[in-house]
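S.K.: Below is run-v4.cif; it holds mmCIF, C-alpha atoms.
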```cif
data_start
loop_
_atom_site.label_atom_id
_atom_site.label_comp_id
_atom_site.auth_asym_id
_atom_site.auth_seq_id
_atom_site.Cartn_x
_atom_site.Cartn_y
_atom_site.Cartn_z
CA MET B 7 9.87 21.82 -34.53
CA SER B 8 7.60 20.95 -31.65
CA THR B 9 8.60 18.86 -28.70
CA LEU B 10 6.65 16.65 -26.32
CA HIS B 11 8.05 17.08 -22.84
CA THR B 12 7.38 14.44 -20.20
CA VAL B 13 7.60 15.11 -16.47
CA ASN B 14 7.51 12.17 -14.06
CA LYS B 15 8.36 13.86 -10.75
CA SER B 16 6.00 15.31 -8.17
CA PRO B 17 6.07 19.14 -8.28
CA PHE B 18 6.42 19.10 -4.48
CA GLU B 19 9.45 16.82 -4.53
CA LYS B 20 11.56 18.19 -7.37
CA PRO B 21 11.56 21.33 -9.53
CA SER B 22 11.40 19.24 -12.74
CA LEU B 23 8.06 20.67 -13.84
CA ASP B 24 9.11 24.29 -13.24
CA VAL B 25 12.37 23.77 -15.10
CA CYS B 26 10.53 22.02 -17.92
CA LEU B 27 8.00 24.86 -18.23
CA ALA B 28 10.81 27.42 -18.18
CA HIS B 29 12.40 25.70 -21.18
CA ALA B 30 9.36 24.59 -23.15
CA THR B 31 8.76 26.86 -26.14
CA ALA B 32 5.32 28.07 -27.18
CA GLY B 33 3.18 25.34 -28.68
CA ALA B 34 5.09 22.51 -27.07
CA GLY B 35 3.27 19.62 -25.41
CA VAL B 36 3.87 18.72 -21.77
CA LEU B 37 2.72 15.28 -20.60
CA LEU B 38 2.57 14.59 -16.89
CA ILE B 39 3.22 10.94 -16.00
CA GLU B 40 3.91 8.84 -12.88
CA ASP B 41 4.35 11.12 -9.81
CA GLY B 42 4.20 14.08 -12.20
CA VAL B 43 0.41 13.67 -12.41
CA TYR B 44 -0.10 15.33 -9.02
CA ALA B 45 0.61 18.68 -10.69
CA ALA B 46 -2.55 18.20 -12.77
CA THR B 47 -4.87 17.98 -9.77
CA LYS B 48 -7.04 20.86 -8.58
CA GLY B 49 -6.46 22.94 -5.49
CA THR B 50 -2.73 22.40 -5.03
CA ALA B 51 -0.11 24.98 -4.15
CA VAL B 52 1.22 24.77 -7.73
CA GLU B 53 -2.19 25.08 -9.44
CA ASP B 54 -1.68 28.73 -10.42
CA ARG B 55 1.66 28.03 -12.06
CA VAL B 56 0.20 25.09 -13.96
CA LYS B 57 -2.79 27.15 -15.14
CA GLN B 58 -0.44 29.90 -16.27
CA ALA B 59 1.52 27.38 -18.33
CA LEU B 60 -1.66 26.54 -20.24
CA ASP B 61 -1.35 29.95 -21.96
CA SER B 62 1.74 28.84 -23.87
CA VAL B 63 1.91 25.03 -23.87
CA LYS B 64 -0.55 22.16 -24.18
CA LEU B 65 -0.79 20.09 -21.04
CA PHE B 66 -1.66 16.41 -20.88
CA VAL B 67 -1.85 13.91 -18.04
CA LEU B 68 -1.67 10.11 -18.20
CA GLY B 69 -5.00 8.68 -16.96
CA PRO B 70 -3.77 5.30 -15.67
CA ASP B 71 -1.19 7.04 -13.46
CA LEU B 72 -3.92 9.32 -12.05
CA LEU B 73 -6.24 6.41 -11.28
CA ALA B 74 -3.44 4.44 -9.63
CA ARG B 75 -3.00 7.37 -7.24
CA GLY B 76 -6.71 7.65 -6.45
CA PHE B 77 -7.59 10.63 -8.65
CA THR B 78 -10.42 10.57 -11.18
CA GLU B 79 -10.77 12.90 -14.16
CA ASP B 80 -13.02 15.34 -12.28
CA ARG B 81 -10.07 16.22 -10.04
CA VAL B 82 -8.00 17.44 -13.01
CA ILE B 83 -7.53 21.16 -13.71
CA ASP B 84 -9.71 22.37 -16.59
CA GLY B 85 -7.74 22.66 -19.80
CA ILE B 86 -5.49 19.68 -19.13
CA ASN B 87 -6.29 16.71 -21.34
CA VAL B 88 -6.36 13.23 -19.85
CA VAL B 89 -4.85 10.64 -22.21
CA ASP B 90 -4.43 6.86 -22.05
CA TYR B 91 -1.40 4.89 -23.23
CA ALA B 92 -2.61 4.96 -26.84
CA GLY B 93 -2.93 8.74 -26.50
CA PHE B 94 0.65 8.85 -25.19
CA VAL B 95 1.80 7.05 -28.32
CA ASP B 96 -0.19 9.41 -30.55
CA LEU B 97 1.35 12.43 -28.81
CA ALA B 98 4.83 11.01 -29.23
CA ALA B 99 4.14 10.45 -32.93
CA GLU B 100 2.64 13.91 -33.47
CA HIS B 101 5.65 15.72 -32.02
CA ASP B 102 9.10 15.83 -33.56
CA LYS B 103 10.76 14.45 -30.47
CA VAL B 104 10.20 13.53 -26.86
CA GLN B 105 12.21 15.17 -24.11
CA ALA B 106 12.07 13.72 -20.60
CA TRP B 107 12.44 15.77 -17.41
CA LEU B 108 13.41 13.38 -14.66
CA MET U 10 18.52 -8.04 29.20
CA SER U 11 15.76 -5.73 30.29
CA GLU U 12 12.96 -4.96 27.88
CA THR U 13 12.82 -1.29 27.07
CA ILE U 14 9.85 -0.08 25.09
CA LYS U 15 11.01 2.47 22.59
CA ASN U 16 8.96 4.97 20.70
CA PHE U 17 9.49 4.32 16.97
CA LEU U 18 8.38 6.87 14.42
CA TYR U 19 8.15 5.91 10.76
CA LEU U 20 8.38 9.08 8.69
CA ASN U 21 6.79 8.79 5.24
CA ARG U 22 7.48 11.59 2.76
CA LYS U 23 7.19 9.94 -0.67
CA ALA U 24 4.26 9.40 -2.99
CA PRO U 25 3.36 5.78 -3.76
CA TYR U 26 4.22 3.91 -7.01
CA GLY U 27 6.69 6.45 -8.46
CA THR U 28 9.35 5.12 -6.11
CA ILE U 29 9.55 2.04 -3.90
CA TYR U 30 9.84 3.94 -0.58
CA ALA U 31 6.15 3.82 0.36
CA TRP U 32 5.83 0.07 -0.02
CA GLU U 33 9.21 -0.56 1.64
CA SER U 34 8.12 1.51 4.63
CA LEU U 35 4.84 -0.37 4.94
CA GLU U 36 6.66 -3.72 4.86
CA VAL U 37 9.13 -2.62 7.53
CA VAL U 38 6.28 -1.38 9.73
CA LEU U 39 4.46 -4.71 9.42
CA ILE U 40 7.61 -6.69 10.16
CA GLY U 41 8.62 -4.37 12.99
CA ALA U 42 5.16 -4.69 14.55
CA ALA U 43 6.17 -8.17 15.71
CA PHE U 44 8.55 -6.59 18.23
CA ASP U 45 6.28 -5.05 20.86
CA GLN U 46 7.35 -1.45 20.49
CA ASP U 47 5.43 1.78 20.56
CA VAL U 48 4.93 2.52 16.87
CA SER U 49 3.70 5.71 15.24
CA LEU U 50 3.45 6.60 11.56
CA ALA U 51 3.89 10.11 10.25
CA PHE U 52 2.75 11.21 6.79
CA VAL U 53 4.33 14.45 5.63
CA ASP U 54 4.86 16.11 2.23
CA ASP U 55 4.09 13.73 -0.66
CA GLY U 56 3.75 10.94 1.92
CA VAL U 57 0.11 11.99 2.42
CA TYR U 58 -0.59 10.75 -1.12
CA GLN U 59 0.00 7.20 0.13
CA LEU U 60 -3.30 7.31 2.01
CA THR U 61 -5.63 8.55 -0.74
CA LYS U 62 -8.69 6.38 -1.20
CA GLY U 63 -9.82 4.89 -4.47
CA GLN U 64 -6.39 3.93 -5.75
CA ASP U 65 -6.72 1.65 -8.79
CA THR U 66 -3.47 0.39 -10.26
CA ALA U 67 -5.01 -1.95 -12.86
CA GLY U 68 -3.93 0.41 -15.63
CA ILE U 69 -0.27 0.61 -14.64
CA GLY U 70 0.35 -3.06 -13.92
CA MET U 71 1.62 -2.55 -10.38
CA LYS U 72 0.40 -4.11 -7.14
CA ASN U 73 -2.12 -1.85 -5.42
CA PHE U 74 -0.88 -1.86 -1.84
CA SER U 75 -3.26 0.78 -0.53
CA PRO U 76 -5.60 -1.90 0.97
CA THR U 77 -2.72 -2.97 3.20
CA TYR U 78 -2.86 0.29 5.20
CA ALA U 79 -6.24 -0.92 6.50
CA ALA U 80 -4.45 -3.91 8.09
CA LEU U 81 -2.26 -1.68 10.26
CA GLY U 82 -4.86 -1.72 13.04
CA ASP U 83 -4.55 -5.53 13.22
CA TYR U 84 -0.81 -5.03 13.68
CA GLU U 85 -1.42 -2.77 16.70
CA VAL U 86 -0.47 0.36 14.77
CA LYS U 87 -2.97 2.84 16.14
CA LYS U 88 -1.22 6.19 15.80
CA ILE U 89 -1.12 7.57 12.28
CA PHE U 90 -0.29 11.27 12.16
CA VAL U 91 -1.05 13.23 8.99
CA GLU U 92 0.23 16.77 8.60
CA GLN U 93 -2.52 19.28 7.83
CA GLU U 94 -0.24 21.69 5.93
CA SER U 95 0.90 18.88 3.64
CA LEU U 96 -2.74 18.08 2.81
CA ASP U 97 -3.53 21.77 2.22
CA GLU U 98 -0.62 22.25 -0.19
CA ARG U 99 -1.96 19.34 -2.22
CA GLY U 100 -5.61 20.40 -2.27
CA LEU U 101 -6.55 17.40 -0.14
CA THR U 102 -8.78 17.00 2.91
CA LEU U 103 -9.27 14.17 5.39
CA ASP U 104 -12.18 13.04 3.20
CA ASP U 105 -9.74 12.20 0.40
CA LEU U 106 -7.94 9.71 2.64
CA GLN U 107 -8.87 6.17 3.59
CA HIS U 108 -10.74 5.84 6.86
CA LEU U 109 -8.27 3.82 8.93
CA VAL U 110 -9.37 2.29 12.21
CA TRP U 111 -8.20 -0.11 14.89
CA GLU U 112 -10.39 -2.35 17.02
CA ASP U 113 -10.34 -1.96 20.78
CA GLU U 114 -10.55 -5.50 22.15
CA ASP U 115 -11.29 -4.17 25.62
CA GLU U 116 -14.39 -2.37 24.36
CA ASP U 117 -15.97 -5.24 22.44
CA TYR U 118 -13.90 -4.53 19.34
CA ALA U 119 -15.15 -0.95 19.03
CA GLU U 120 -13.60 0.72 15.98
CA LYS U 121 -11.49 3.76 16.73
CA ASP U 122 -9.91 6.20 14.30
CA SER U 123 -6.20 5.71 13.69
CA ILE U 124 -5.58 8.87 11.66
CA LYS U 125 -4.99 12.08 13.54
CA LEU U 126 -4.54 15.36 11.69
CA VAL U 127 -1.78 17.45 13.23
CA SER U 128 -0.28 20.83 12.46
CA ARG U 129 3.32 21.20 11.32
CA ALA U 130 4.25 22.44 14.80
CA GLU U 131 2.60 19.42 16.40
CA MET U 132 4.37 17.13 13.93
CA ALA U 133 7.69 18.69 14.89
CA ALA U 134 6.98 17.88 18.53
CA ILE U 135 6.02 14.28 17.63
CA MET U 136 9.36 13.92 15.84
CA ASP U 137 11.18 15.39 18.83
CA ASP U 138 9.51 12.95 21.19
CA ALA U 139 10.42 9.85 19.18
CA ASP U 140 13.31 7.71 20.40
CA VAL U 141 14.01 6.45 16.89
CA VAL U 142 12.93 7.87 13.53
CA PHE U 143 12.93 5.69 10.43
CA SER U 144 12.84 7.81 7.28
CA PHE U 145 11.28 6.73 4.01
CA MET O 25 9.14 -27.61 -7.37
CA PRO O 26 5.88 -27.64 -9.35
CA ILE O 27 2.96 -29.64 -7.95
CA GLU O 28 0.33 -31.60 -9.86
CA VAL O 29 -3.34 -31.00 -9.03
CA ASN O 30 -6.13 -32.67 -11.01
CA GLY O 31 -3.85 -32.94 -14.03
CA LYS O 32 -2.81 -29.28 -13.82
CA THR O 33 0.67 -28.07 -12.95
CA PHE O 34 1.18 -25.31 -10.36
CA GLU O 35 4.53 -23.53 -10.02
CA THR O 36 5.91 -23.06 -6.51
CA ASP O 37 8.92 -21.27 -5.07
CA GLU O 38 11.84 -23.02 -3.37
CA GLU O 39 9.93 -23.12 -0.07
CA GLY O 40 6.85 -24.67 -1.63
CA TYR O 41 4.66 -21.55 -1.72
CA LEU O 42 2.49 -21.14 -4.82
CA SER O 43 4.05 -18.73 -7.32
CA ASP O 44 0.71 -17.30 -8.44
CA ILE O 45 -1.90 -16.75 -5.74
CA ASN O 46 -4.60 -16.28 -8.36
CA ALA O 47 -3.99 -19.74 -9.78
CA TRP O 48 -5.07 -21.38 -6.50
CA GLU O 49 -7.91 -23.88 -6.26
CA PRO O 50 -8.97 -26.03 -3.28
CA GLY O 51 -7.23 -29.04 -4.82
CA VAL O 52 -3.90 -27.30 -4.17
CA ALA O 53 -4.50 -27.50 -0.42
CA GLU O 54 -5.61 -31.14 -0.75
CA VAL O 55 -2.44 -32.13 -2.59
CA MET O 56 -0.12 -30.16 -0.29
CA SER O 57 -1.74 -31.62 2.85
CA LYS O 58 -1.48 -35.16 1.50
CA GLU O 59 2.24 -34.65 1.09
CA ASP O 60 2.34 -33.65 4.78
CA ASP O 61 0.19 -36.67 5.76
CA LEU O 62 -2.50 -34.33 7.06
CA GLU O 63 -6.23 -34.86 6.66
CA LEU O 64 -8.02 -31.54 6.08
CA THR O 65 -11.12 -31.07 8.26
CA ASP O 66 -13.70 -28.27 8.29
CA GLU O 67 -11.61 -26.58 10.99
CA HIS O 68 -8.62 -26.55 8.65
CA TRP O 69 -10.74 -25.11 5.86
CA ASP O 70 -12.05 -22.38 8.16
CA ILE O 71 -8.48 -21.16 8.58
CA ILE O 72 -7.50 -21.61 4.94
CA ASN O 73 -10.59 -19.73 3.72
CA TYR O 74 -10.07 -17.03 6.32
CA LEU O 75 -6.50 -16.53 5.11
CA ARG O 76 -7.66 -16.21 1.52
CA ASP O 77 -10.29 -13.66 2.53
CA TYR O 78 -7.70 -11.72 4.52
CA TYR O 79 -5.34 -11.59 1.56
CA GLU O 80 -8.15 -10.55 -0.75
CA GLU O 81 -9.00 -7.63 1.54
CA TYR O 82 -5.55 -6.46 2.65
CA GLN O 83 -3.18 -7.83 -0.01
CA ILE O 84 -0.93 -9.44 2.60
CA ALA O 85 -0.78 -12.70 4.51
CA PRO O 86 -1.30 -11.89 8.20
CA ALA O 87 1.47 -12.39 10.74
CA VAL O 88 0.83 -15.34 13.03
CA ARG O 89 -0.17 -13.23 16.00
CA VAL O 90 -2.55 -11.21 13.84
CA LEU O 91 -4.10 -14.45 12.59
CA THR O 92 -4.38 -15.83 16.13
CA LYS O 93 -6.25 -12.79 17.35
CA ALA O 94 -8.53 -12.73 14.30
CA VAL O 95 -9.39 -16.42 14.64
CA GLY O 96 -10.34 -15.81 18.27
CA LYS O 97 -12.68 -13.06 17.23
CA LYS O 98 -14.24 -14.91 14.31
CA PHE O 99 -14.40 -18.52 15.51
CA GLY O 100 -14.48 -18.13 19.29
CA LYS O 101 -12.08 -17.16 22.05
CA ASP O 102 -11.19 -20.84 22.69
CA LYS O 103 -9.69 -21.01 19.20
CA GLY O 104 -7.76 -17.76 19.36
CA ASN O 105 -4.49 -19.24 20.57
CA SER O 106 -1.42 -20.72 19.00
CA LYS O 107 -2.11 -24.11 20.63
CA TYR O 108 -5.30 -24.46 18.61
CA LEU O 109 -3.64 -23.33 15.38
CA TYR O 110 -0.57 -25.51 15.86
CA GLY O 111 -2.92 -28.40 16.70
CA LEU O 112 -4.42 -28.02 13.25
CA PHE O 113 -1.20 -27.16 11.45
CA PRO O 114 1.75 -28.82 13.25
CA TYR O 115 4.34 -27.06 11.05
CA GLY O 116 2.84 -23.72 11.97
CA PRO O 117 0.00 -21.65 10.55
CA ALA O 118 2.42 -19.66 8.41
CA LYS O 119 4.42 -22.50 6.96
CA GLN O 120 1.40 -24.73 6.47
CA ALA O 121 -1.90 -22.86 6.40
CA CYS O 122 -0.69 -19.94 4.28
CA ARG O 123 1.06 -22.33 1.95
CA TYR O 124 -2.07 -24.49 1.55
CA ALA O 125 -4.07 -21.30 0.93
CA GLY O 126 -1.75 -20.35 -1.91
CA LEU O 127 -0.57 -17.21 -0.10
CA PRO O 128 3.00 -15.95 0.03
CA LYS O 129 4.92 -16.33 3.27
CA PRO O 130 3.37 -13.93 5.80
CA THR O 131 4.79 -10.43 6.05
CA GLY O 132 6.56 -10.33 9.37
CA CYS O 133 7.42 -14.00 9.30
CA VAL O 134 11.22 -14.05 9.26
#
```
Let's see the structure in the file written out as structure tokens.

M.R.:
Amino acid sequence: MSTLHTVNKSPFEKPSLDVCLAHATAGAGVLLIEDGVYAATKGTAVEDRVKQALDSVKLFVLGPDLLARGFTEDRVIDGINVVDYAGFVDLAAEHDKVQAWL
Amino acid sequence: MSETIKNFLYLNRKAPYGTIYAWESLEVVLIGAAFDQDVSLAFVDDGVYQLTKGQDTAGIGMKNFSPTYAALGDYEVKKIFVEQESLDERGLTLDDLQHLVWEDEDEDYAEKDSIKLVSRAEMAAIMDDADVVFSF
Amino acid sequence: MPIEVNGKTFETDEEGYLSDINAWEPGVAEVMSKEDDLELTDEHWDIINYLRDYYEEYQIAPAVRVLTKAVGKKFGKDKGNSKYLYGLFPYGPAKQACRYAGLPKPTGCV
């Protein structure tokens, strides 16, 4: 059983990402969307925690939400995959279920 | 009734697009600008994300309202305070933000910077000095 | 009520503002001004085109006093006053010029 977790809240506004990472089991996928995409950007106060998470889960970030907020792919932490909407669908299909962290 | 000029501070703490607060704040500022008051904008916490340059919302099907911040100078909004610590926590610098200016009519429309970076302590003083704080 | 321009139909809101700013074409202003018994001159078009440019750049229709100031800067100090603008658009630059330009009602126009 592997789960795709989605996080749509800014890591500076709500603890959703931390709580998600604390519950995500090894091999799970975590997709950052909407205001959640800020966690994927380099140089933030949460960067270390996000990098640490890469040891146990796969991290993805939704490209259109990044671009809307003024961030291009080169601003994303290495190891996090940028996906488009089609990629979102593929991820949802590849995992057994999708669990949202609001 | 005597006209009293009040010092209004609009406090912006939310990222754009994820919630409606950023756009709502901008609309209220533009509407409020019609009432000759002393207006300042403060960007703190995720609010600093509102000012990032290069926003492109074509992919998410939402109106890109970031160009509207550049109109603030026309609306006599000349004091935009951005908290340095909030930028630091987010790995951002002044270079990541739009260059917002206002035109000084008295100096042949010379462009002057609207954004001023302030420390958290300075921001606290700005909040203290305001007569009215509108929170978004 | 929708308006007819060169055989095409344009949707408007209850106040007569175009529903879709991107659908605008100059004929829209021609038809709207005819309904108001107003003949559009180059001076009118200066304002209408300026409003469209302003919206394109800032994504809002300017408040009347912002427009007044901008017109003064762009077209000469003698034109940067509400008398000049109301002379061109008797119903007001917001109600008339923005509407002709296909813009929404100006932000800050209550």

S.K.: Determine the nearest neighbour of chain U from the options O:Val55, O:Ala47, O:Ile72, O:Ala87, counting all atoms listed in the file.

M.R.: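 Among O:Val55, O:Ala47, O:Ile72, O:Ala87, it is O:Ala87 that comes nearest to chain U.
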
S.K.: Name the closest residue to Thr78 (chain B) among the candidates B:Ala106, B:Val43, B:Ala34, B:Ala92; distances are taken between atoms, counting all atoms listed in the file.

M.R.: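 Of B:Ala106, B:Val43, B:Ala34, B:Ala92, the one nearest Thr78 (chain B), counting all atoms listed in the file, is B:Val43.
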
S.K.: Please find the residues of chain U near chain B - the criterion being any atom within 10 Å, counting all atoms listed in the file - and write them as number ranges by chain.

M.R.: U: 22-28, 54-55, 58-73, 75, 95-101, 105-106

S.K.: Tell me which residues the PyMOL selection byres ((chain U) within 7 of (chain O)) grabs here, as JSON, numbers by chain.

M.R.: {"U": [39, 40, 43, 74, 76, 77, 79, 80, 83, 84]}

S.K.: Taking the file as shown, find all residues satisfying the PyMOL selection byres ((chain U and resi 93) around 9) and write them as a PyMOL selection string.

M.R.: chain U and resi 53+91-92+94-98+102-103+126-129
